[in-house]
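Only one structure is covered here, and it is reproduced in the block below.
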Amino acid sequence: MNKERTADAADTADMVLAEVTRMLVEVVGEDFLLDVEITGDTTFSEDLALESIEFVALAEKLQQHYGDRIDFAAFIADMDLTEIMSMDVGTLVDYVQGRTTPVPWEDRAR
Amino acid sequence: MPYTNVRGARFHIADLAPRRPGEPVVMLHGLFTGSIASWYLTAAPAISATRRVRLVDWRGHGLSERTPNGYGTASMAADLEALTADLPPFAIVGHSYGCLVALRFLQTVPGRVRRMVLVEPPFNEVGLSEGLRAVRGEPSGRLRNGSAERRMRALADTTTVLTDLAAEPPVTDADLRSLDGGPCLVIGGRNSPFISSVDRVRQACPHVRAHELAGGHEIHVSHADEVTALVTGFLGPARAEVAHG
């Protein structure tokens with residue numbers, strides 16, 4: 001059971017990463033992402049040179065795709081701008097995955 | 001992506017906590033380097049913990065359409081009116097040129113503004129164009145990079161924004177006194193070319209609260225925590241919307 005759930009979670013993270021990558025291409029344009037392999041370690045400002053307005057556009061696309069479960073404002077509320085922009089893709093993927101994966105019933109009781 | 005067409009142009013807006021009842025907060029960015037991100041990635045998330053927040057990209061900025069003209073405060077106050085027509089009376093938090101538009105809006109659209117926070121308003125004798133040149137040399141502008149610079153140049157080169165700014169009438173003491181008619185907070189950065197605006201407001205408006213912080217024009221970014229604390233303290237606890245007549 002546990003093993004199966006771990007496998008599911010890994011799949012979901014890959015799916016979220018693929019979705020985030022697709023959205024980044026939409027936001028900044030394919031030309032800007034040529035030769036960049038986006039992984040969990042890729043940072044938004046350093047590696048992708050993402051502009052702040054593009055980060056907002058990405059956040060809106062996530063919210064549009066995943067719905068109200070994604071509360072981007074709450075996610076970044078405790079970060080300053082430097083922390084937000086230097087975030088790596090994996091941190092965002094983890095947040096999205098955490099908000100989209102149903103909590104197992106037995107864990108909810110804790 | 002939330003877009004709306006008003007006054008012949010396509011505008012990008014963002015609502016945080018859109019179903020929260022009570023008085024909304026509308027947050028306005030400055031010209032050139034500003035965009036919806038100016039507040040979205042700084043004070044807006046904390047404010048949205050207790051209040052509904054609407055953020056807008058002005059024409060020519062962020063993801064809104066770059067129209068050839070319409071960058072004077074009268075035109076942009078009309079934009080603001082259209083972009084907030086669905087909201088109950090609200091609080092405004094403005095930065096830089098957003099403060100000038102907010103003042104114009106307060107004067108021309110009565111009854112819509114409940115309280116006002118002006119961060120780094122360019123209300124002093126420094127000309128807007130001159131002040132903007134000084135601000136563009138400021139090193140703390142972490143919201144911009146190469147392509148942002150390109151966009152700023154495109155805005156200056158392909159629209160009437162600079163002539164619109166040059167044609168903008170100076171803010172008079174009589175204009176400033178309209179701020180004194182309701183709850184208003186002004187925040188300035190001590191190293192900003194616009195800092196004497198704060199003293200001007202103090203002299204013209206005895207009821208306006210004024211704060212100075214160490215920092216420059218982009219104080220909402222460089223000192224985001226302090227600005228956020230001042231704004232949330234001033235706005236106070238969220239209250240349910242009451243009937244008004």
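Just so we're on the same page: first chain in the structure tokens is A, next is B, and so on; residues restart at 1 for each chain, and ligands are numbered from 1 in the order they show up.
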Excluding Leu24 in chain A and residues on its chain fewer than 6 positions from it, collect all residues at most 10 Å away from it, counting only C-alpha atoms, and give them as a list in words.
Ala18, Glu30, Phe32, Leu33, Ile38, Phe44, Leu48, Leu50, Glu54, Phe55, Ala57, Leu58 and Lys61 of chain A
Chain A residues near chain B (10 Å cut-off, only C-alpha atoms) as a ChimeraX atom specification:
/A:45,49-64,68,71-82,84-85
Got a sec: who's within 7 Å of range 158-163 of chain B, counting only C-alpha atoms, leaving out chain neighbours fewer than 3 positions off, as a PyMOL selection string?
chain B and resi 67-69+71+154-155+166-167
Output the selection as a PDB file, in the first residue's frame - N, CA and C atoms for each residue.
ATOM      1  N   THR B  67      -1.515  50.688 -25.556  1.00  0.00           N
ATOM      2  CA  THR B  67      -2.263  51.571 -26.443  1.00  0.00           C
ATOM      3  C   THR B  67      -1.360  52.736 -26.857  1.00  0.00           C
ATOM      4  N   PRO B  68      -1.636  53.331 -28.029  1.00  0.00           N
ATOM      5  CA  PRO B  68      -0.759  54.425 -28.473  1.00  0.00           C
ATOM      6  C   PRO B  68      -0.840  55.656 -27.579  1.00  0.00           C
ATOM      7  N   ASN B  69      -1.965  55.848 -26.895  1.00  0.00           N
ATOM      8  CA  ASN B  69      -2.092  57.044 -26.042  1.00  0.00           C
ATOM      9  C   ASN B  69      -2.991  56.744 -24.839  1.00  0.00           C
ATOM     10  N   TYR B  71      -2.216  58.055 -21.445  1.00  0.00           N
ATOM     11  CA  TYR B  71      -1.414  57.839 -20.239  1.00  0.00           C
ATOM     12  C   TYR B  71      -1.465  59.005 -19.237  1.00  0.00           C
ATOM     13  N   ALA B 154      10.056  50.530 -25.318  1.00  0.00           N
ATOM     14  CA  ALA B 154       8.972  50.438 -26.294  1.00  0.00           C
ATOM     15  C   ALA B 154       7.820  51.350 -25.889  1.00  0.00           C
ATOM     16  N   LEU B 155       7.542  51.395 -24.592  1.00  0.00           N
ATOM     17  CA  LEU B 155       6.466  52.257 -24.110  1.00  0.00           C
ATOM     18  C   LEU B 155       6.799  53.722 -24.404  1.00  0.00           C
ATOM     19  N   ALA B 166       4.424  65.126 -19.649  1.00  0.00           N
ATOM     20  CA  ALA B 166       4.842  66.528 -19.716  1.00  0.00           C
ATOM     21  C   ALA B 166       3.634  67.467 -19.661  1.00  0.00           C
ATOM     22  N   ALA B 167       2.496  66.988 -20.167  1.00  0.00           N
ATOM     23  CA  ALA B 167       1.290  67.823 -20.216  1.00  0.00           C
ATOM     24  C   ALA B 167       0.499  67.776 -18.910  1.00  0.00           C
TER      25      ALA B 167
END
Best match for closeness to Glu37 in chain A among A:Val89, A:Tyr95, A:Val16, A:Pro104, counting only C-alpha atoms
A:Val89
Check range 199-230 of chain B with DSSP on the backbone and list each residue it calls helix (DSSP H, G or I), as JSON, numbers by chain.
{"B": [199, 200, 201, 202, 203, 204, 219, 220, 221, 222, 224, 225, 226, 227, 228, 229, 230]}
Would you compute the distance between CA of Gly72 in chain B and CA of Pro170 in chain B? Give it in Å to one decimal.
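That distance, rounded to one decimal, is 12.1 Å.
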Can you tell me, as a PyMOL selection string, what residues are no more than 10 Å from Gln97 in chain A when counting only C-alpha atoms, ignoring any on the same chain fewer than 6 positions away?
chain A and resi 9-10+12-17+70+91
